[in-house]
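Q: Dropping a structure here in structure tokens format, bear with me for questions.
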Amino acid sequence: MEYRFTVPLKKDDIIQLRAGDIVYLSGKVFTARDEAHARIIEMAKNEQKLPFDLAGAVIYHCGPLIKEGDSGWEVVAAGPTTSARMSRMTPEILAIHGIHAFVGKGGMENVTEAMQNKAVYLAFTGGCAALAAIGIESVVSVHWLDLGMPEAVWELELKDFGPLVVGIDAHGNDMFLDVRNKAMLAYSMIE
């Protein structure tokens, strides 16, 4: 199936998705990589309020290349980064905030249980940073620029961003795990 959603997402949006479905997103998303994830968790532990709202949010695992022009920030390239690096922090972030989707490349590990009935993982093709930038209409804001351009949290306004493949759905299905298991089975049959 193919779906088009506007962010912030509703729980009903993600519950209808199944691994393998195609999704296009419009609306505001937040980029976040390792250091931003760590700061989000640290702020929650210190009972500090985030400068942005993650209710129904989409987190894009991306370190965009942004330039500042006469009319503000402009996205040059915004391809996905490897999501597995954020896997260990994802269950804790999901327990704290109402995030409904993560976008990245390569899948995530040990997050399926934490995502059940809460969130989905949407895979974007790696190596398409310039193509990804086409689906970004504007930079709304930037937070934590002290972390550096790729690690800062960029609020991006998207228009029909995709295609994104549902790699992990909210029902416990993980396409990446299925492929790894099938590969291991095939490999074991060769030996």
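Starting from 1 in every chain, residues are counted up; chains themselves are A, B, ... following the order of the structure tokens, and ligands are numbered from 1 as listed.
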Using only C-alpha atoms, find each residue of range 23-109 of chain A with at least one atom at most 12 Å away from an atom of range 163-168 of chain A; report its shortest atom-to-atom pair and that distance in Å (one decimal), sort the rows by chain and rising residue number, and return the result as a Markdown table.

A:
| residue | atom | partner | partner_atom | distance |
| --- | --- | --- | --- | --- |
| A:Val23 | CA | A:Leu164 | CA | 5.0 |
| A:Tyr24 | CA | A:Pro163 | CA | 5.6 |
| A:Leu25 | CA | A:Leu164 | CA | 8.4 |
| A:Ser26 | CA | A:Pro163 | CA | 11.6 |
| A:Tyr60 | CA | A:Leu164 | CA | 11.5 |
| A:Pro80 | CA | A:Leu164 | CA | 11.1 |
| A:Ser83 | CA | A:Gly167 | CA | 11.6 |
| A:His100 | CA | A:Ile168 | CA | 11.9 |
| A:Ala101 | CA | A:Val166 | CA | 9.7 |
| A:Phe102 | CA | A:Ile168 | CA | 9.7 |
| A:Val103 | CA | A:Leu164 | CA | 7.9 |
| A:Gly104 | CA | A:Leu164 | CA | 9.2 |
| A:Lys105 | CA | A:Gly167 | CA | 9.5 |
| A:Gly106 | CA | A:Gly167 | CA | 9.1 |
| A:Gly107 | CA | A:Gly167 | CA | 6.8 |
| A:Met108 | CA | A:Ile168 | CA | 8.4 |
| A:Glu109 | CA | A:Ile168 | CA | 10.1 |

Q: Please produce a file of those selected residues containing C-alpha atoms, as a PDB file, in the first residue's frame.

A:
ATOM      1  CA  VAL A  23       4.998   6.402   2.706  1.00  0.00           C
ATOM      2  CA  TYR A  24       5.355  10.041   1.627  1.00  0.00           C
ATOM      3  CA  LEU A  25       5.543  12.732   4.296  1.00  0.00           C
ATOM      4  CA  SER A  26       4.616  16.399   4.329  1.00  0.00           C
ATOM      5  CA  TYR A  60      14.948  12.024  10.589  1.00  0.00           C
ATOM      6  CA  PRO A  80      19.786   9.676   5.710  1.00  0.00           C
ATOM      7  CA  SER A  83      20.077   4.506  11.977  1.00  0.00           C
ATOM      8  CA  HIS A 100       5.570   8.273  15.918  1.00  0.00           C
ATOM      9  CA  ALA A 101       8.222   7.687  13.245  1.00  0.00           C
ATOM     10  CA  PHE A 102      11.942   7.535  12.614  1.00  0.00           C
ATOM     11  CA  VAL A 103      13.412   7.923   9.133  1.00  0.00           C
ATOM     12  CA  GLY A 104      16.881   6.703   8.227  1.00  0.00           C
ATOM     13  CA  LYS A 105      18.860   4.088   6.365  1.00  0.00           C
ATOM     14  CA  GLY A 106      19.935   0.559   7.126  1.00  0.00           C
ATOM     15  CA  GLY A 107      17.373  -0.354   9.762  1.00  0.00           C
ATOM     16  CA  MET A 108      17.597  -0.431  13.547  1.00  0.00           C
ATOM     17  CA  GLU A 109      18.277  -3.216  16.027  1.00  0.00           C
TER      18      GLU A 109
END

Q: Run DSSP on the backbone of this structure and report the residues of chain A it assigns to helix (DSSP H, G or I), as number ranges by chain.

A: A: 11-15, 34-45, 83-96, 112-115, 129-134, 145-147, 175-190

Q: Could you give me, as JSON lines, a per-residue list for range 84-178 of chain A showing, wherever an atom lies at most 12 Å from an atom of range 52-59 of chain A, the closest pair of atoms and their distance in Å to one decimal, using only C-alpha atoms and sorting by chain then residue number from low to high?

A:
{"residue": "A:Met86", "atom": "CA", "partner": "A:Ile59", "partner_atom": "CA", "distance": 11.0}
{"residue": "A:Thr90", "atom": "CA", "partner": "A:Ile59", "partner_atom": "CA", "distance": 10.6}
{"residue": "A:Ile93", "atom": "CA", "partner": "A:Leu54", "partner_atom": "CA", "distance": 10.0}
{"residue": "A:Leu94", "atom": "CA", "partner": "A:Leu54", "partner_atom": "CA", "distance": 10.0}
{"residue": "A:Ala95", "atom": "CA", "partner": "A:Leu54", "partner_atom": "CA", "distance": 11.9}
{"residue": "A:Ile96", "atom": "CA", "partner": "A:Leu54", "partner_atom": "CA", "distance": 9.7}
{"residue": "A:His97", "atom": "CA", "partner": "A:Leu54", "partner_atom": "CA", "distance": 6.1}
{"residue": "A:Gly98", "atom": "CA", "partner": "A:Ala55", "partner_atom": "CA", "distance": 4.5}
{"residue": "A:Ile99", "atom": "CA", "partner": "A:Ala57", "partner_atom": "CA", "distance": 4.7}
{"residue": "A:His100", "atom": "CA", "partner": "A:Gly56", "partner_atom": "CA", "distance": 5.2}
{"residue": "A:Ala101", "atom": "CA", "partner": "A:Val58", "partner_atom": "CA", "distance": 4.7}
{"residue": "A:Phe102", "atom": "CA", "partner": "A:Ile59", "partner_atom": "CA", "distance": 4.8}
{"residue": "A:Val103", "atom": "CA", "partner": "A:Ile59", "partner_atom": "CA", "distance": 6.2}
{"residue": "A:Gly104", "atom": "CA", "partner": "A:Ile59", "partner_atom": "CA", "distance": 8.7}
{"residue": "A:Lys118", "atom": "CA", "partner": "A:Gly56", "partner_atom": "CA", "distance": 9.6}
{"residue": "A:Ala119", "atom": "CA", "partner": "A:Gly56", "partner_atom": "CA", "distance": 9.2}
{"residue": "A:Val120", "atom": "CA", "partner": "A:Val58", "partner_atom": "CA", "distance": 9.5}
{"residue": "A:Tyr121", "atom": "CA", "partner": "A:Val58", "partner_atom": "CA", "distance": 9.6}
{"residue": "A:Leu122", "atom": "CA", "partner": "A:Val58", "partner_atom": "CA", "distance": 9.7}
{"residue": "A:Ala123", "atom": "CA", "partner": "A:Ile59", "partner_atom": "CA", "distance": 11.9}
{"residue": "A:Val140", "atom": "CA", "partner": "A:Phe52", "partner_atom": "CA", "distance": 11.4}
{"residue": "A:Ser141", "atom": "CA", "partner": "A:Phe52", "partner_atom": "CA", "distance": 9.8}
{"residue": "A:Val142", "atom": "CA", "partner": "A:Phe52", "partner_atom": "CA", "distance": 9.9}
{"residue": "A:His143", "atom": "CA", "partner": "A:Phe52", "partner_atom": "CA", "distance": 8.3}
{"residue": "A:Trp144", "atom": "CA", "partner": "A:Phe52", "partner_atom": "CA", "distance": 11.0}
{"residue": "A:Val153", "atom": "CA", "partner": "A:Phe52", "partner_atom": "CA", "distance": 9.4}
{"residue": "A:Trp154", "atom": "CA", "partner": "A:Ile59", "partner_atom": "CA", "distance": 10.0}
{"residue": "A:Glu155", "atom": "CA", "partner": "A:Phe52", "partner_atom": "CA", "distance": 8.8}
{"residue": "A:Leu156", "atom": "CA", "partner": "A:Ile59", "partner_atom": "CA", "distance": 10.4}
{"residue": "A:Glu157", "atom": "CA", "partner": "A:Val58", "partner_atom": "CA", "distance": 11.3}
{"residue": "A:Leu158", "atom": "CA", "partner": "A:Val58", "partner_atom": "CA", "distance": 11.0}

Q: Could you turn the residues from that selection into a file that holds N, CA and C atoms, as a PDB file, in the first residue's frame?

A:
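After the write, result_22.pdb holds the following:
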ATOM      1  N   MET A  86      21.639   4.884  16.497  1.00  0.00           N
ATOM      2  CA  MET A  86      20.685   5.449  17.454  1.00  0.00           C
ATOM      3  C   MET A  86      19.812   4.385  18.113  1.00  0.00           C
ATOM      4  N   THR A  90      16.898   4.677  21.309  1.00  0.00           N
ATOM      5  CA  THR A  90      15.521   4.793  20.832  1.00  0.00           C
ATOM      6  C   THR A  90      14.474   4.323  21.838  1.00  0.00           C
ATOM      7  N   ILE A  93      13.998   7.082  24.405  1.00  0.00           N
ATOM      8  CA  ILE A  93      13.347   8.269  23.834  1.00  0.00           C
ATOM      9  C   ILE A  93      11.867   8.007  23.602  1.00  0.00           C
ATOM     10  N   LEU A  94      11.529   6.809  23.127  1.00  0.00           N
ATOM     11  CA  LEU A  94      10.115   6.470  22.913  1.00  0.00           C
ATOM     12  C   LEU A  94       9.338   6.431  24.231  1.00  0.00           C
ATOM     13  N   ALA A  95       9.991   6.026  25.303  1.00  0.00           N
ATOM     14  CA  ALA A  95       9.329   5.978  26.612  1.00  0.00           C
ATOM     15  C   ALA A  95       9.056   7.387  27.153  1.00  0.00           C
ATOM     16  N   ILE A  96       9.844   8.358  26.712  1.00  0.00           N
ATOM     17  CA  ILE A  96       9.731   9.725  27.217  1.00  0.00           C
ATOM     18  C   ILE A  96       8.832  10.587  26.338  1.00  0.00           C
ATOM     19  N   HIS A  97       8.973  10.462  25.022  1.00  0.00           N
ATOM     20  CA  HIS A  97       8.307  11.359  24.078  1.00  0.00           C
ATOM     21  C   HIS A  97       7.376  10.593  23.144  1.00  0.00           C
ATOM     22  N   GLY A  98       6.408  11.306  22.598  1.00  0.00           N
ATOM     23  CA  GLY A  98       5.401  10.700  21.725  1.00  0.00           C
ATOM     24  C   GLY A  98       5.773  10.691  20.261  1.00  0.00           C
ATOM     25  N   ILE A  99       7.004  10.298  19.966  1.00  0.00           N
ATOM     26  CA  ILE A  99       7.463  10.224  18.582  1.00  0.00           C
ATOM     27  C   ILE A  99       6.741   9.077  17.884  1.00  0.00           C
ATOM     28  N   HIS A 100       6.291   9.314  16.650  1.00  0.00           N
ATOM     29  CA  HIS A 100       5.570   8.273  15.918  1.00  0.00           C
ATOM     30  C   HIS A 100       6.344   7.659  14.758  1.00  0.00           C
ATOM     31  N   ALA A 101       7.459   8.279  14.352  1.00  0.00           N
ATOM     32  CA  ALA A 101       8.222   7.687  13.245  1.00  0.00           C
ATOM     33  C   ALA A 101       9.674   8.144  13.278  1.00  0.00           C
ATOM     34  N   PHE A 102      10.523   7.251  12.820  1.00  0.00           N
ATOM     35  CA  PHE A 102      11.942   7.535  12.614  1.00  0.00           C
ATOM     36  C   PHE A 102      12.221   7.249  11.144  1.00  0.00           C
ATOM     37  N   VAL A 103      13.022   8.106  10.527  1.00  0.00           N
ATOM     38  CA  VAL A 103      13.412   7.923   9.133  1.00  0.00           C
ATOM     39  C   VAL A 103      14.927   7.813   9.092  1.00  0.00           C
ATOM     40  N   GLY A 104      15.437   6.846   8.345  1.00  0.00           N
ATOM     41  CA  GLY A 104      16.881   6.703   8.227  1.00  0.00           C
ATOM     42  C   GLY A 104      17.219   5.646   7.206  1.00  0.00           C
ATOM     43  N   LYS A 118       3.448   2.227  19.003  1.00  0.00           N
ATOM     44  CA  LYS A 118       3.916   3.589  19.250  1.00  0.00           C
ATOM     45  C   LYS A 118       4.515   4.265  18.027  1.00  0.00           C
ATOM     46  N   ALA A 119       5.336   3.521  17.284  1.00  0.00           N
ATOM     47  CA  ALA A 119       6.133   4.165  16.245  1.00  0.00           C
ATOM     48  C   ALA A 119       6.475   3.191  15.128  1.00  0.00           C
ATOM     49  N   VAL A 120       6.956   3.756  14.023  1.00  0.00           N
ATOM     50  CA  VAL A 120       7.417   2.977  12.881  1.00  0.00           C
ATOM     51  C   VAL A 120       8.789   3.489  12.466  1.00  0.00           C
ATOM     52  N   TYR A 121       9.506   2.638  11.746  1.00  0.00           N
ATOM     53  CA  TYR A 121      10.782   3.025  11.154  1.00  0.00           C
ATOM     54  C   TYR A 121      10.595   3.057   9.653  1.00  0.00           C
ATOM     55  N   LEU A 122      10.926   4.193   9.045  1.00  0.00           N
ATOM     56  CA  LEU A 122      10.773   4.393   7.614  1.00  0.00           C
ATOM     57  C   LEU A 122      12.149   4.499   6.975  1.00  0.00           C
ATOM     58  N   ALA A 123      12.428   3.643   6.026  1.00  0.00           N
ATOM     59  CA  ALA A 123      13.740   3.604   5.384  1.00  0.00           C
ATOM     60  C   ALA A 123      13.751   4.475   4.134  1.00  0.00           C
ATOM     61  N   VAL A 140      12.733  25.461   8.957  1.00  0.00           N
ATOM     62  CA  VAL A 140      11.874  26.231   9.847  1.00  0.00           C
ATOM     63  C   VAL A 140      12.704  26.860  10.955  1.00  0.00           C
ATOM     64  N   SER A 141      13.605  26.057  11.517  1.00  0.00           N
ATOM     65  CA  SER A 141      14.408  26.521  12.649  1.00  0.00           C
ATOM     66  C   SER A 141      15.563  25.551  12.862  1.00  0.00           C
ATOM     67  N   VAL A 142      16.492  25.946  13.724  1.00  0.00           N
ATOM     68  CA  VAL A 142      17.582  25.064  14.109  1.00  0.00           C
ATOM     69  C   VAL A 142      17.761  25.180  15.622  1.00  0.00           C
ATOM     70  N   HIS A 143      18.026  24.056  16.254  1.00  0.00           N
ATOM     71  CA  HIS A 143      18.254  23.987  17.695  1.00  0.00           C
ATOM     72  C   HIS A 143      19.594  23.303  17.936  1.00  0.00           C
ATOM     73  N   TRP A 144      20.287  23.742  18.946  1.00  0.00           N
ATOM     74  CA  TRP A 144      21.530  23.118  19.400  1.00  0.00           C
ATOM     75  C   TRP A 144      22.620  23.158  18.329  1.00  0.00           C
ATOM     76  N   VAL A 153      19.733  19.886  15.739  1.00  0.00           N
ATOM     77  CA  VAL A 153      18.362  19.493  15.402  1.00  0.00           C
ATOM     78  C   VAL A 153      17.804  20.558  14.464  1.00  0.00           C
ATOM     79  N   TRP A 154      17.568  20.143  13.239  1.00  0.00           N
ATOM     80  CA  TRP A 154      17.007  21.029  12.220  1.00  0.00           C
ATOM     81  C   TRP A 154      15.528  20.720  12.064  1.00  0.00           C
ATOM     82  N   GLU A 155      14.694  21.737  12.121  1.00  0.00           N
ATOM     83  CA  GLU A 155      13.268  21.579  11.834  1.00  0.00           C
ATOM     84  C   GLU A 155      13.097  21.848  10.345  1.00  0.00           C
ATOM     85  N   LEU A 156      12.664  20.831   9.635  1.00  0.00           N
ATOM     86  CA  LEU A 156      12.531  20.926   8.189  1.00  0.00           C
ATOM     87  C   LEU A 156      11.069  20.782   7.782  1.00  0.00           C
ATOM     88  N   GLU A 157      10.638  21.586   6.850  1.00  0.00           N
ATOM     89  CA  GLU A 157       9.283  21.486   6.295  1.00  0.00           C
ATOM     90  C   GLU A 157       9.372  20.647   5.019  1.00  0.00           C
ATOM     91  N   LEU A 158       8.662  19.517   5.014  1.00  0.00           N
ATOM     92  CA  LEU A 158       8.702  18.591   3.884  1.00  0.00           C
ATOM     93  C   LEU A 158       7.459  18.710   3.027  1.00  0.00           C
TER      94      LEU A 158
END

Q: Can you tell me which residues surround range 40-48 of chain A at a distance of at most 9 Å, considering only C-alpha atoms, apart from same-chain residues fewer than 3 positions away, and format the answer as a ChimeraX atom specification?

A: /A:35-37,89,92-93,96

Q: Now that the selection is made, can you save its residues with N, CA and C atoms as a tab-separated table (two decimals), in the first residue's frame?

A:
chain	number	residue	atom	x	y	z
A	35	GLU	N	24.38	12.77	18.97
A	35	GLU	CA	24.51	13.76	20.03
A	35	GLU	C	23.18	14.40	20.39
A	36	ALA	N	22.31	14.60	19.41
A	36	ALA	CA	20.99	15.15	19.69
A	36	ALA	C	20.16	14.16	20.50
A	37	HIS	N	20.24	12.88	20.15
A	37	HIS	CA	19.53	11.86	20.93
A	37	HIS	C	20.01	11.87	22.38
A	89	MET	N	19.48	4.17	22.01
A	89	MET	CA	18.80	5.29	22.67
A	89	MET	C	17.31	5.36	22.35
A	92	GLU	N	14.47	4.39	25.05
A	92	GLU	CA	14.34	5.39	26.11
A	92	GLU	C	13.65	6.65	25.60
A	93	ILE	N	14.00	7.08	24.41
A	93	ILE	CA	13.35	8.27	23.83
A	93	ILE	C	11.87	8.01	23.60
A	96	ILE	N	9.84	8.36	26.71
A	96	ILE	CA	9.73	9.72	27.22
A	96	ILE	C	8.83	10.59	26.34

Q: Can you work out the spacing between CA of Asp34 in chain A and CA of Asp146 in chain A in Å, to one decimal?

A: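 Between CA of Asp34 in chain A and CA of Asp146 in chain A the gap works out to 14.0 Å.
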
Q: Please return, as JSON, numbers by chain, all residues of range 55-166 of chain A that DSSP assigns to strand (DSSP E) on the basis of the backbone.

A: {"A": [58, 59, 60, 65, 66, 67, 68, 69, 72, 73, 74, 75, 76, 77, 101, 102, 103, 104, 120, 121, 122, 123, 136, 137, 138, 139, 140, 141, 142, 143, 153, 154, 155, 156, 157, 158, 159, 160, 161, 162, 163, 164, 165, 166]}

Q: Please provide as a PDB file with C-alpha atoms, in the first residue's frame all residues within 9 Å of range 132-134 of chain A, with the sequence filter that same-chain residues fewer than 2 positions apart are discarded (counting only C-alpha atoms).

A:
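This is the output file around.pdb:
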ATOM      1  CA  PRO A  64      22.104  17.773   6.570  1.00  0.00           C
ATOM      2  CA  VAL A  75      19.255  22.696   2.425  1.00  0.00           C
ATOM      3  CA  VAL A  76      21.946  21.576  -0.008  1.00  0.00           C
ATOM      4  CA  ALA A  77      21.910  17.853   0.805  1.00  0.00           C
ATOM      5  CA  ALA A  78      19.973  15.845   3.372  1.00  0.00           C
ATOM      6  CA  GLY A  79      20.479  12.131   2.914  1.00  0.00           C
ATOM      7  CA  PRO A  80      19.786   9.676   5.710  1.00  0.00           C
ATOM      8  CA  PHE A 124      15.055   6.090   2.842  1.00  0.00           C
ATOM      9  CA  CYS A 128      20.382  10.146  -2.405  1.00  0.00           C
ATOM     10  CA  ALA A 129      21.230  13.270  -0.394  1.00  0.00           C
ATOM     11  CA  ALA A 130      20.550  15.699  -3.247  1.00  0.00           C
ATOM     12  CA  ILE A 136      12.472  19.682   1.725  1.00  0.00           C
ATOM     13  CA  GLU A 137      10.646  22.954   1.203  1.00  0.00           C
ATOM     14  CA  LYS A 159       6.471  18.234   0.848  1.00  0.00           C
ATOM     15  CA  PHE A 161       9.143  13.480   0.964  1.00  0.00           C
ATOM     16  CA  GLY A 162       9.817   9.937  -0.131  1.00  0.00           C
TER      17      GLY A 162
END

Q: Would you kindly return, as an MDAnalysis selection string, each protein, DNA or RNA residue with an atom no farther than 8 Å from any atom of Met149 in chain A, considering only C-alpha atoms and excluding same-chain residues fewer than 5 positions away?

A: chainID A and resid 63:66

Q: Give me the residues near Asp169 in chain A as a PyMOL selection string, where near means some atom within 8 Å (using only C-alpha atoms) and where sequence neighbours in that chain fewer than 3 positions away do not count.

A: chain A and resi 14-15+17-19+112+115-116+119-121+166+172-174

Q: Selection from above, C-alpha atoms, as an mmCIF file, in the first residue's frame, can you write it?

A:
data_model
loop_
_atom_site.group_PDB
_atom_site.id
_atom_site.type_symbol
_atom_site.label_atom_id
_atom_site.label_comp_id
_atom_site.auth_asym_id
_atom_site.auth_seq_id
_atom_site.Cartn_x
_atom_site.Cartn_y
_atom_site.Cartn_z
ATOM 1 C CA ILE A 14 1.043 4.499 12.074
ATOM 2 C CA ILE A 15 -1.176 1.633 13.239
ATOM 3 C CA LEU A 17 1.036 0.739 8.268
ATOM 4 C CA ARG A 18 2.618 -2.632 7.565
ATOM 5 C CA ALA A 19 6.222 -3.486 6.831
ATOM 6 C CA THR A 112 10.859 -3.512 17.559
ATOM 7 C CA MET A 115 8.001 0.593 18.800
ATOM 8 C CA GLN A 116 4.970 -1.671 19.167
ATOM 9 C CA ALA A 119 6.133 4.165 16.245
ATOM 10 C CA VAL A 120 7.417 2.977 12.881
ATOM 11 C CA TYR A 121 10.782 3.025 11.154
ATOM 12 C CA VAL A 166 8.094 0.924 6.250
ATOM 13 C CA GLY A 172 6.405 -6.090 15.558
ATOM 14 C CA ASN A 173 7.334 -6.735 11.918
ATOM 15 C CA ASP A 174 10.931 -5.906 10.952
#

Q: Between A:Cys62, A:Leu50, A:Leu131, A:Met175, which has the minimum distance to Arg85 in chain A (counting only C-alpha atoms)?

A: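 Selected residue with least distance to Arg85 in chain A: A:Cys62.
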